[in-house]
$ cat query05.cif   # mmCIF, C-alpha atoms
data_work
#
loop_
_atom_site.group_PDB
_atom_site.id
_atom_site.type_symbol
_atom_site.label_atom_id
_atom_site.label_comp_id
_atom_site.auth_asym_id
_atom_site.auth_seq_id
_atom_site.Cartn_x
_atom_site.Cartn_y
_atom_site.Cartn_z
ATOM 1 C CA MET A 3 80.190 -28.266 15.664
ATOM 2 C CA ILE A 4 82.151 -26.590 12.876
ATOM 3 C CA LYS A 5 85.211 -24.816 14.229
ATOM 4 C CA LYS A 6 87.046 -23.969 10.998
ATOM 5 C CA GLY A 7 86.093 -21.757 8.108
ATOM 6 C CA ILE A 8 87.523 -20.892 4.696
ATOM 7 C CA ILE A 9 86.997 -17.652 2.793
ATOM 8 C CA LEU A 10 87.687 -18.054 -0.920
ATOM 9 C CA ALA A 11 88.980 -14.605 -1.863
ATOM 10 C CA GLY A 12 90.927 -15.487 -4.992
ATOM 11 C CA GLY A 13 89.704 -15.232 -8.573
ATOM 12 C CA LYS A 14 90.450 -12.659 -11.246
ATOM 13 C CA GLY A 15 87.410 -10.424 -10.740
ATOM 14 C CA THR A 16 87.195 -9.897 -14.502
ATOM 15 C CA ARG A 17 83.566 -8.717 -14.349
ATOM 16 C CA MET A 18 84.758 -5.719 -12.345
ATOM 17 C CA SER A 19 87.804 -4.868 -14.436
ATOM 18 C CA PRO A 20 89.593 -2.431 -14.648
ATOM 19 C CA LEU A 21 88.941 -1.816 -10.912
ATOM 20 C CA THR A 22 90.342 -5.240 -10.071
ATOM 21 C CA LYS A 23 93.518 -4.891 -12.135
ATOM 22 C CA ALA A 24 95.300 -3.152 -9.264
ATOM 23 C CA VAL A 25 93.301 -4.220 -6.173
ATOM 24 C CA ASN A 26 91.699 -7.522 -5.245
ATOM 25 C CA LYS A 27 87.898 -7.297 -5.389
ATOM 26 C CA GLN A 28 87.533 -8.361 -1.746
ATOM 27 C CA LEU A 29 89.561 -5.320 -0.653
ATOM 28 C CA LEU A 30 87.330 -2.811 -2.437
ATOM 29 C CA PRO A 31 84.819 -0.975 -0.231
ATOM 30 C CA ILE A 32 81.201 -1.954 0.281
ATOM 31 C CA TYR A 33 80.048 1.405 1.619
ATOM 32 C CA ASP A 34 82.356 1.989 4.617
ATOM 33 C CA LYS A 35 84.199 -1.339 4.939
ATOM 34 C CA PRO A 36 86.289 -3.622 2.731
ATOM 35 C CA LEU A 37 84.213 -6.376 1.127
ATOM 36 C CA ILE A 38 86.263 -9.048 2.966
ATOM 37 C CA PHE A 39 84.772 -7.848 6.291
ATOM 38 C CA TYR A 40 81.329 -9.143 5.282
ATOM 39 C CA PRO A 41 82.104 -12.849 4.702
ATOM 40 C CA LEU A 42 84.489 -12.786 7.667
ATOM 41 C CA SER A 43 81.674 -11.445 9.853
ATOM 42 C CA ILE A 44 79.436 -14.349 8.755
ATOM 43 C CA LEU A 45 81.969 -16.908 9.960
ATOM 44 C CA MET A 46 82.389 -15.005 13.225
ATOM 45 C CA LEU A 47 78.594 -14.910 13.724
ATOM 46 C CA SER A 48 78.708 -18.692 13.206
ATOM 47 C CA LYS A 49 81.120 -18.779 16.192
ATOM 48 C CA ILE A 50 83.953 -19.964 13.941
ATOM 49 C CA LYS A 51 87.310 -18.679 15.224
ATOM 50 C CA ASP A 52 89.874 -20.525 13.087
ATOM 51 C CA ILE A 53 89.804 -19.101 9.561
ATOM 52 C CA LEU A 54 91.795 -19.641 6.365
ATOM 53 C CA ILE A 55 91.658 -16.951 3.680
ATOM 54 C CA ILE A 56 92.657 -18.120 0.190
ATOM 55 C CA VAL A 57 94.033 -15.249 -1.904
ATOM 56 C CA ASN A 58 95.612 -14.735 -5.295
ATOM 57 C CA LYS A 59 99.350 -15.153 -5.596
ATOM 58 C CA GLY A 60 101.095 -11.829 -5.056
ATOM 59 C CA GLN A 61 98.246 -10.223 -3.078
ATOM 60 C CA LEU A 62 99.042 -11.616 0.356
ATOM 61 C CA ASP A 63 100.688 -8.444 1.687
ATOM 62 C CA GLN A 64 97.579 -6.382 0.852
ATOM 63 C CA TYR A 65 95.449 -8.595 3.094
ATOM 64 C CA LYS A 66 97.952 -8.808 5.928
ATOM 65 C CA LYS A 67 98.012 -5.009 6.240
ATOM 66 C CA LEU A 68 94.295 -5.114 6.959
ATOM 67 C CA LEU A 69 93.882 -8.464 8.742
ATOM 68 C CA PRO A 70 97.288 -9.609 10.032
ATOM 69 C CA ASN A 71 96.556 -12.770 12.043
ATOM 70 C CA GLY A 72 93.171 -12.203 13.704
ATOM 71 C CA GLU A 73 94.596 -11.766 17.210
ATOM 72 C CA ASN A 74 93.038 -8.292 17.416
ATOM 73 C CA LEU A 75 89.610 -9.944 16.916
ATOM 74 C CA GLY A 76 90.152 -12.893 19.239
ATOM 75 C CA ILE A 77 90.368 -15.277 16.287
ATOM 76 C CA LYS A 78 93.082 -16.964 14.249
ATOM 77 C CA ILE A 79 93.566 -16.023 10.585
ATOM 78 C CA THR A 80 95.948 -17.855 8.276
ATOM 79 C CA TYR A 81 96.467 -17.417 4.547
ATOM 80 C CA LYS A 82 97.058 -19.601 1.521
ATOM 81 C CA GLU A 83 97.982 -18.341 -1.937
ATOM 82 C CA GLN A 84 96.304 -19.733 -5.057
ATOM 83 C CA ASP A 85 98.234 -19.463 -8.328
ATOM 84 C CA HIS A 86 95.064 -19.591 -10.465
ATOM 85 C CA PRO A 87 91.355 -20.393 -9.961
ATOM 86 C CA ARG A 88 90.482 -24.092 -10.258
ATOM 87 C CA GLY A 89 86.905 -24.040 -8.987
ATOM 88 C CA LEU A 90 85.350 -23.737 -5.536
ATOM 89 C CA PRO A 91 86.092 -27.308 -4.325
ATOM 90 C CA ASP A 92 89.803 -26.607 -4.799
ATOM 91 C CA ALA A 93 89.563 -24.668 -1.519
ATOM 92 C CA PHE A 94 89.343 -27.984 0.350
ATOM 93 C CA ILE A 95 92.351 -29.419 -1.456
ATOM 94 C CA LEU A 96 94.423 -26.288 -0.813
ATOM 95 C CA GLY A 97 93.157 -26.181 2.759
ATOM 96 C CA GLU A 98 93.613 -29.876 3.587
ATOM 97 C CA LYS A 99 96.335 -29.261 6.159
ATOM 98 C CA PHE A 100 94.351 -26.392 7.706
ATOM 99 C CA ILE A 101 91.156 -28.473 7.959
ATOM 100 C CA GLY A 102 92.899 -31.504 9.446
ATOM 101 C CA SER A 103 90.322 -33.858 10.945
ATOM 102 C CA ASP A 104 87.707 -31.130 11.541
ATOM 103 C CA ASN A 105 84.489 -30.177 9.781
ATOM 104 C CA VAL A 106 84.618 -26.957 7.801
ATOM 105 C CA SER A 107 82.565 -24.082 6.407
ATOM 106 C CA LEU A 108 83.253 -22.336 3.102
ATOM 107 C CA ILE A 109 82.060 -18.855 2.170
ATOM 108 C CA LEU A 110 82.739 -17.025 -1.069
ATOM 109 C CA GLY A 111 84.563 -13.756 -0.567
ATOM 110 C CA ASP A 112 82.121 -11.749 -2.702
ATOM 111 C CA ASN A 113 78.872 -12.905 -1.062
ATOM 112 C CA PHE A 114 76.804 -10.684 1.224
ATOM 113 C CA PHE A 115 74.230 -11.926 3.762
ATOM 114 C CA TYR A 116 71.871 -9.968 5.978
ATOM 115 C CA GLY A 117 68.881 -10.915 8.095
ATOM 116 C CA GLN A 118 67.222 -10.390 11.464
ATOM 117 C CA SER A 119 67.488 -14.042 12.528
ATOM 118 C CA LEU A 120 70.679 -14.715 10.570
ATOM 119 C CA SER A 121 72.823 -15.439 13.644
ATOM 120 C CA ASP A 122 70.469 -18.198 14.819
ATOM 121 C CA THR A 123 70.382 -19.737 11.332
ATOM 122 C CA LEU A 124 74.173 -19.700 11.124
ATOM 123 C CA LYS A 125 74.541 -21.358 14.519
ATOM 124 C CA ARG A 126 72.194 -24.155 13.416
ATOM 125 C CA CYS A 127 74.271 -24.645 10.284
ATOM 126 C CA ALA A 128 77.530 -24.676 12.258
ATOM 127 C CA ASP A 129 76.113 -27.369 14.531
ATOM 128 C CA LEU A 130 76.664 -29.850 11.679
ATOM 129 C CA LYS A 131 78.091 -33.201 12.772
ATOM 130 C CA ASN A 132 78.005 -35.162 9.519
ATOM 131 C CA GLY A 133 76.957 -34.637 5.927
ATOM 132 C CA ALA A 134 76.699 -31.219 4.277
ATOM 133 C CA LYS A 135 74.398 -28.253 4.556
ATOM 134 C CA VAL A 136 73.704 -25.299 2.259
ATOM 135 C CA LEU A 137 71.928 -22.007 2.819
ATOM 136 C CA LEU A 138 69.073 -21.389 0.350
ATOM 137 C CA TYR A 139 67.459 -18.125 -0.713
ATOM 138 C CA LYS A 140 64.246 -17.641 -2.682
ATOM 139 C CA VAL A 141 64.811 -15.791 -5.979
ATOM 140 C CA ASN A 142 62.636 -14.501 -8.816
ATOM 141 C CA ASN A 143 65.005 -15.644 -11.568
ATOM 142 C CA PRO A 144 66.162 -19.194 -10.695
ATOM 143 C CA GLU A 145 67.440 -19.723 -14.246
ATOM 144 C CA LEU A 146 70.435 -17.552 -13.313
ATOM 145 C CA PHE A 147 71.492 -19.636 -10.301
ATOM 146 C CA GLY A 148 72.225 -23.103 -9.056
ATOM 147 C CA VAL A 149 68.960 -24.192 -7.435
ATOM 148 C CA ALA A 150 67.851 -26.946 -5.056
ATOM 149 C CA LYS A 151 64.617 -28.927 -4.876
ATOM 150 C CA ILE A 152 63.961 -29.936 -1.290
ATOM 151 C CA ASP A 153 61.822 -32.101 0.926
ATOM 152 C CA ARG A 154 60.192 -29.545 3.252
ATOM 153 C CA LYS A 155 59.787 -31.956 6.158
ATOM 154 C CA SER A 156 63.284 -33.408 6.313
ATOM 155 C CA LYS A 157 65.027 -30.397 4.704
ATOM 156 C CA LYS A 158 66.930 -32.946 2.610
ATOM 157 C CA ILE A 159 67.796 -31.878 -0.925
ATOM 158 C CA LYS A 160 66.250 -34.075 -3.625
ATOM 159 C CA ALA A 161 67.698 -32.391 -6.733
ATOM 160 C CA LEU A 162 70.308 -29.816 -7.731
ATOM 161 C CA LYS A 163 70.466 -28.014 -11.049
ATOM 162 C CA GLU A 164 72.830 -25.344 -12.308
ATOM 163 C CA LYS A 165 70.972 -22.538 -14.150
ATOM 164 C CA PRO A 166 67.944 -24.692 -15.056
ATOM 165 C CA LYS A 167 66.144 -23.948 -18.341
ATOM 166 C CA LYS A 168 62.979 -25.537 -16.947
ATOM 167 C CA PHE A 169 61.633 -24.576 -13.536
ATOM 168 C CA ILE A 170 62.392 -27.065 -10.756
ATOM 169 C CA SER A 171 62.686 -24.692 -7.794
ATOM 170 C CA ASN A 172 63.138 -21.015 -6.918
ATOM 171 C CA GLN A 173 65.483 -21.786 -4.007
ATOM 172 C CA ALA A 174 68.971 -20.624 -5.003
ATOM 173 C CA VAL A 175 72.079 -22.170 -3.465
ATOM 174 C CA THR A 176 74.014 -19.295 -1.909
ATOM 175 C CA GLY A 177 77.781 -19.026 -1.525
ATOM 176 C CA LEU A 178 77.856 -20.404 2.018
ATOM 177 C CA TYR A 179 78.458 -24.115 2.669
ATOM 178 C CA PHE A 180 78.973 -26.402 5.665
ATOM 179 C CA PHE A 181 80.718 -29.777 5.299
ATOM 180 C CA ASP A 182 81.908 -32.715 7.334
ATOM 181 C CA ASN A 183 85.503 -33.877 6.983
ATOM 182 C CA LYS A 184 84.722 -36.168 4.041
ATOM 183 C CA VAL A 185 84.703 -33.044 1.860
ATOM 184 C CA ILE A 186 88.479 -33.317 1.381
ATOM 185 C CA LYS A 187 88.234 -36.829 -0.037
ATOM 186 C CA TYR A 188 85.234 -35.969 -2.205
ATOM 187 C CA ALA A 189 86.940 -32.842 -3.592
ATOM 188 C CA LYS A 190 90.047 -34.815 -4.520
ATOM 189 C CA ASN A 191 87.923 -37.326 -6.442
ATOM 190 C CA LEU A 192 86.152 -34.731 -8.577
ATOM 191 C CA LYS A 193 86.916 -34.446 -12.274
ATOM 192 C CA PRO A 194 87.180 -31.031 -13.949
ATOM 193 C CA SER A 195 84.146 -29.885 -15.937
ATOM 194 C CA LYS A 196 84.084 -28.529 -19.491
ATOM 195 C CA ARG A 197 85.256 -25.239 -17.964
ATOM 196 C CA LYS A 198 88.316 -27.145 -16.725
ATOM 197 C CA GLU A 199 87.342 -26.378 -13.136
ATOM 198 C CA LEU A 200 86.079 -28.404 -10.195
ATOM 199 C CA GLU A 201 82.377 -27.653 -9.733
ATOM 200 C CA ILE A 202 80.647 -27.099 -6.384
ATOM 201 C CA ILE A 203 77.433 -28.702 -7.721
ATOM 202 C CA ASP A 204 79.371 -31.917 -8.392
ATOM 203 C CA LEU A 205 80.709 -31.840 -4.846
ATOM 204 C CA LEU A 206 77.250 -31.271 -3.356
ATOM 205 C CA ASN A 207 75.891 -34.135 -5.450
ATOM 206 C CA LYS A 208 78.355 -36.484 -3.731
ATOM 207 C CA TYR A 209 76.482 -35.778 -0.495
ATOM 208 C CA LYS A 210 73.041 -35.755 -2.134
ATOM 209 C CA ILE A 211 73.519 -39.271 -3.524
ATOM 210 C CA LYS A 212 74.193 -40.485 0.019
ATOM 211 C CA LYS A 213 71.171 -38.494 1.303
ATOM 212 C CA LYS A 214 73.513 -36.433 3.443
ATOM 213 C CA LEU A 215 72.766 -33.004 1.935
ATOM 214 C CA SER A 216 70.332 -30.744 3.790
ATOM 215 C CA ALA A 217 69.364 -27.084 3.776
ATOM 216 C CA GLU A 218 68.636 -24.075 5.922
ATOM 217 C CA PHE A 219 66.788 -21.028 4.625
ATOM 218 C CA LEU A 220 67.539 -17.334 4.599
ATOM 219 C CA GLY A 221 64.027 -16.164 5.437
ATOM 220 C CA ARG A 222 61.774 -13.591 3.854
ATOM 221 C CA GLY A 223 63.332 -10.707 5.796
ATOM 222 C CA GLY A 224 66.853 -11.692 4.823
ATOM 223 C CA ALA A 225 69.049 -10.596 1.934
ATOM 224 C CA TRP A 226 71.663 -12.423 -0.118
ATOM 225 C CA LEU A 227 73.623 -10.473 -2.692
ATOM 226 C CA ASP A 228 76.469 -11.483 -4.987
ATOM 227 C CA THR A 229 78.842 -8.565 -5.527
ATOM 228 C CA GLY A 230 80.534 -10.116 -8.555
ATOM 229 C CA SER A 231 79.381 -7.524 -11.095
ATOM 230 C CA ILE A 232 79.659 -3.730 -11.033
ATOM 231 C CA GLU A 233 75.868 -3.306 -10.858
ATOM 232 C CA ASP A 234 75.419 -5.785 -7.990
ATOM 233 C CA TYR A 235 78.453 -4.377 -6.220
ATOM 234 C CA TYR A 236 76.978 -0.876 -6.058
ATOM 235 C CA LYS A 237 73.509 -2.199 -5.197
ATOM 236 C CA THR A 238 75.043 -3.958 -2.185
ATOM 237 C CA SER A 239 76.904 -0.816 -1.150
ATOM 238 C CA ALA A 240 73.681 1.229 -1.376
ATOM 239 C CA PHE A 241 71.831 -1.420 0.657
ATOM 240 C CA VAL A 242 74.424 -1.281 3.460
ATOM 241 C CA GLN A 243 74.391 2.528 3.442
ATOM 242 C CA ALA A 244 70.594 2.630 3.721
ATOM 243 C CA ILE A 245 70.438 0.116 6.589
ATOM 244 C CA GLU A 246 73.285 1.651 8.566
ATOM 245 C CA ASN A 247 72.079 5.227 8.200
ATOM 246 C CA ARG A 248 68.526 4.291 9.177
ATOM 247 C CA GLN A 249 69.403 2.091 12.159
ATOM 248 C CA GLY A 250 72.609 3.691 13.387
ATOM 249 C CA LEU A 251 74.138 0.204 13.560
ATOM 250 C CA LYS A 252 76.940 -1.176 11.434
ATOM 251 C CA ILE A 253 76.714 -4.365 9.409
ATOM 252 C CA ALA A 254 79.842 -6.533 9.634
ATOM 253 C CA CYS A 255 81.591 -4.583 12.387
ATOM 254 C CA LEU A 256 84.135 -7.269 13.266
ATOM 255 C CA GLU A 257 85.133 -5.790 16.606
ATOM 256 C CA GLU A 258 81.507 -5.518 17.739
ATOM 257 C CA ILE A 259 80.879 -9.186 16.898
ATOM 258 C CA ALA A 260 84.077 -10.216 18.693
ATOM 259 C CA LEU A 261 83.073 -8.214 21.798
ATOM 260 C CA LEU A 262 79.559 -9.719 21.841
ATOM 261 C CA ASN A 263 81.134 -13.168 21.535
ATOM 262 C CA LYS A 264 83.412 -12.233 24.474
ATOM 263 C CA TRP A 265 86.504 -12.894 22.376
ATOM 264 C CA ILE A 266 88.045 -9.456 22.994
ATOM 265 C CA SER A 267 87.903 -6.712 25.626
ATOM 266 C CA LYS A 268 87.112 -3.008 25.379
ATOM 267 C CA SER A 269 90.831 -2.213 25.670
ATOM 268 C CA GLN A 270 91.485 -4.268 22.560
ATOM 269 C CA ILE A 271 88.840 -2.272 20.704
ATOM 270 C CA MET A 272 90.662 0.925 21.690
ATOM 271 C CA LYS A 273 93.789 -0.489 20.025
ATOM 272 C CA GLN A 274 91.713 -0.967 16.882
ATOM 273 C CA VAL A 275 90.568 2.652 17.063
ATOM 274 C CA LYS A 276 94.229 3.693 16.970
ATOM 275 C CA PHE A 277 94.871 1.268 14.100
ATOM 276 C CA TYR A 278 92.051 2.643 11.934
ATOM 277 C CA GLY A 279 92.738 6.275 12.831
ATOM 278 C CA ASN A 280 90.334 9.196 12.747
ATOM 279 C CA CYS A 281 87.367 7.886 10.739
ATOM 280 C CA GLU A 282 83.658 7.123 11.049
ATOM 281 C CA TYR A 283 84.360 3.434 11.725
ATOM 282 C CA SER A 284 86.562 4.398 14.707
ATOM 283 C CA ASN A 285 83.819 6.722 15.983
ATOM 284 C CA TYR A 286 81.402 3.791 15.906
ATOM 285 C CA LEU A 287 83.846 1.629 17.872
ATOM 286 C CA LYS A 288 84.067 4.381 20.521
ATOM 287 C CA LYS A 289 80.277 4.337 20.827
ATOM 288 C CA ILE A 290 80.369 0.562 21.364
ATOM 289 C CA ILE A 291 82.832 0.997 24.221
ATOM 290 C CA LYS A 292 80.627 3.638 25.874
ATOM 291 C CA LYS A 293 77.485 1.512 25.571
ATOM 292 C CA SER A 294 79.176 -1.525 27.128
ATOM 293 C CA ALA A 295 80.643 0.506 30.006
#
$ encode --input "query05.cif" --output "structure tokens"
Amino acid sequence: MIKKGIILAGGKGTRMSPLTKAVNKQLLPIYDKPLIFYPLSILMLSKIKDILIIVNKGQLDQYKKLLPNGENLGIKITYKEQDHPRGLPDAFILGEKFIGSDNVSLILGDNFFYGQSLSDTLKRCADLKNGAKVLLYKVNNPELFGVAKIDRKSKKIKALKEKPKKFISNQAVTGLYFFDNKVIKYAKNLKPSKRKELEIIDLLNKYKIKKKLSAEFLGRGGAWLDTGSIEDYYKTSAFVQAIENRQGLKIACLEEIALLNKWISKSQIMKQVKFYGNCEYSNYLKKIIKKSA
């Protein structure tokens, strides 16, 4: 069972400049919540309570104003500053002390996931004992993504290709990963690519070679969106607005997830209402308290 998770919330966010010149991308709003709430909610739905957030140097105070230490959510949040991006696998090198001897999950801070059976899928992923597991999503344009060719029976991955020019699969590798503790050693042994960064595909291939890389699928009713560009960012915000307004339920309400997991009490939610102040999010939290009365 994976008990620790890392959110990689660093990076320069150049595709969203000039918005990201003053504020980290993960602190910008996706409809009614900061973007960071969405990946954090995914780890919480996976029943992961011990979380490391990797942020850019100089932006730590911005995050701590919003998410101090996780106590208000019944979880533990710690932070690590990154002086400059060195590729996704660098998260495991920076987080070595945090990970310790445990298995770990990594989610990219700008990835958005939604789906009716998502919680069950996440729990299966977090049940990992050894090897590595990725979450795949069927796309129309696989040439724009890293994709995986899989054995449908075993769910083992047979091939990985970054932005393939020839079709090998339409199953894109999303920004959510689950690893055993060997990930630290494998990450340290990686060599930088032509981009002078450590590549996640190279790390996954370490597991694939040993036939220890498997997959779960975000089904047909699910959604995976990358908010890295302005266009995708606003598409994601519009998607959340449409779902929430239609259903009357909030996506990535951290306090609601924590209450359902029995990590916090109703009185702790009331403290959060005071923290957020008079806003629509606070009104939703009040409704949660009434419903659970």
$ residues_around --input "query05.cif" --residues "Asp85 of chain A" --least-positions-apart "2" --cutoff "8 Å" --atoms "only C-alpha atoms" --output "count of residues only"
4
$ resolve_selection --input "query05.cif" --expression "the PyMOL selection byres ((chain A and resi 280-283) around 12)" --output "PyMOL selection string"
chain A and resi 33-36+246+250-258+271+274-279+284-290
$ atom_distance --input "query05.cif" --atom1 "atom CA of Ile186 of chain A" --atom2 "atom CA of Asn132 of chain A"
13.4 Å
$ atom_distance --input "query05.cif" --atom1 "atom CA of Leu124 of chain A" --atom2 "atom CA of Leu146 of chain A"
24.8 Å
$ atom_distance --input "query05.cif" --atom1 "atom CA of Ile55 of chain A" --atom2 "atom CA of Leu30 of chain A"
16.0 Å
$ decode --input "query05.cif" --residues "segment 266-281 of chain A" --atoms "N, CA and C atoms" --output "mmCIF file, in the first residue's frame"
data_model
loop_
_atom_site.group_PDB
_atom_site.id
_atom_site.type_symbol
_atom_site.label_atom_id
_atom_site.label_comp_id
_atom_site.auth_asym_id
_atom_site.auth_seq_id
_atom_site.Cartn_x
_atom_site.Cartn_y
_atom_site.Cartn_z
ATOM 1 N N ILE A 266 -11.170 14.057 9.459
ATOM 2 C CA ILE A 266 -11.483 15.272 10.203
ATOM 3 C C ILE A 266 -12.937 15.213 10.668
ATOM 4 N N SER A 267 -13.278 16.113 11.579
ATOM 5 C CA SER A 267 -14.650 16.193 12.102
ATOM 6 C C SER A 267 -15.361 17.416 11.521
ATOM 7 N N LYS A 268 -16.654 17.505 11.794
ATOM 8 C CA LYS A 268 -17.439 18.648 11.329
ATOM 9 C C LYS A 268 -16.947 19.960 11.964
ATOM 10 N N SER A 269 -16.469 19.870 13.202
ATOM 11 C CA SER A 269 -15.972 21.086 13.868
ATOM 12 C C SER A 269 -14.717 21.616 13.171
ATOM 13 N N GLN A 270 -13.936 20.710 12.639
ATOM 14 C CA GLN A 270 -12.738 21.144 11.902
ATOM 15 C C GLN A 270 -13.122 21.807 10.579
ATOM 16 N N ILE A 271 -14.214 21.347 9.981
ATOM 17 C CA ILE A 271 -14.686 21.991 8.754
ATOM 18 C C ILE A 271 -15.157 23.411 9.054
ATOM 19 N N MET A 272 -15.787 23.603 10.208
ATOM 20 C CA MET A 272 -16.234 24.948 10.591
ATOM 21 C C MET A 272 -15.044 25.903 10.731
ATOM 22 N N LYS A 273 -13.922 25.383 11.205
ATOM 23 C CA LYS A 273 -12.701 26.207 11.286
ATOM 24 C C LYS A 273 -12.241 26.617 9.891
ATOM 25 N N GLN A 274 -12.426 25.706 8.924
ATOM 26 C CA GLN A 274 -12.063 26.019 7.548
ATOM 27 C C GLN A 274 -12.994 27.076 6.955
ATOM 28 N N VAL A 275 -14.257 27.032 7.339
ATOM 29 C CA VAL A 275 -15.205 28.051 6.889
ATOM 30 C C VAL A 275 -14.729 29.434 7.334
ATOM 31 N N LYS A 276 -14.274 29.528 8.563
ATOM 32 C CA LYS A 276 -13.750 30.798 9.087
ATOM 33 C C LYS A 276 -12.477 31.198 8.355
ATOM 34 N N PHE A 277 -11.656 30.207 8.017
ATOM 35 C CA PHE A 277 -10.393 30.476 7.308
ATOM 36 C C PHE A 277 -10.655 31.041 5.911
ATOM 37 N N TYR A 278 -11.589 30.440 5.189
ATOM 38 C CA TYR A 278 -11.881 30.889 3.823
ATOM 39 C C TYR A 278 -12.698 32.180 3.792
ATOM 40 N N GLY A 279 -13.506 32.400 4.834
ATOM 41 C CA GLY A 279 -14.325 33.610 4.869
ATOM 42 C C GLY A 279 -15.629 33.445 4.107
ATOM 43 N N ASN A 280 -16.283 34.559 3.871
ATOM 44 C CA ASN A 280 -17.600 34.563 3.230
ATOM 45 C C ASN A 280 -17.453 34.371 1.716
ATOM 46 N N CYS A 281 -17.629 33.134 1.258
ATOM 47 C CA CYS A 281 -17.468 32.826 -0.164
ATOM 48 C C CYS A 281 -18.312 31.603 -0.503
#
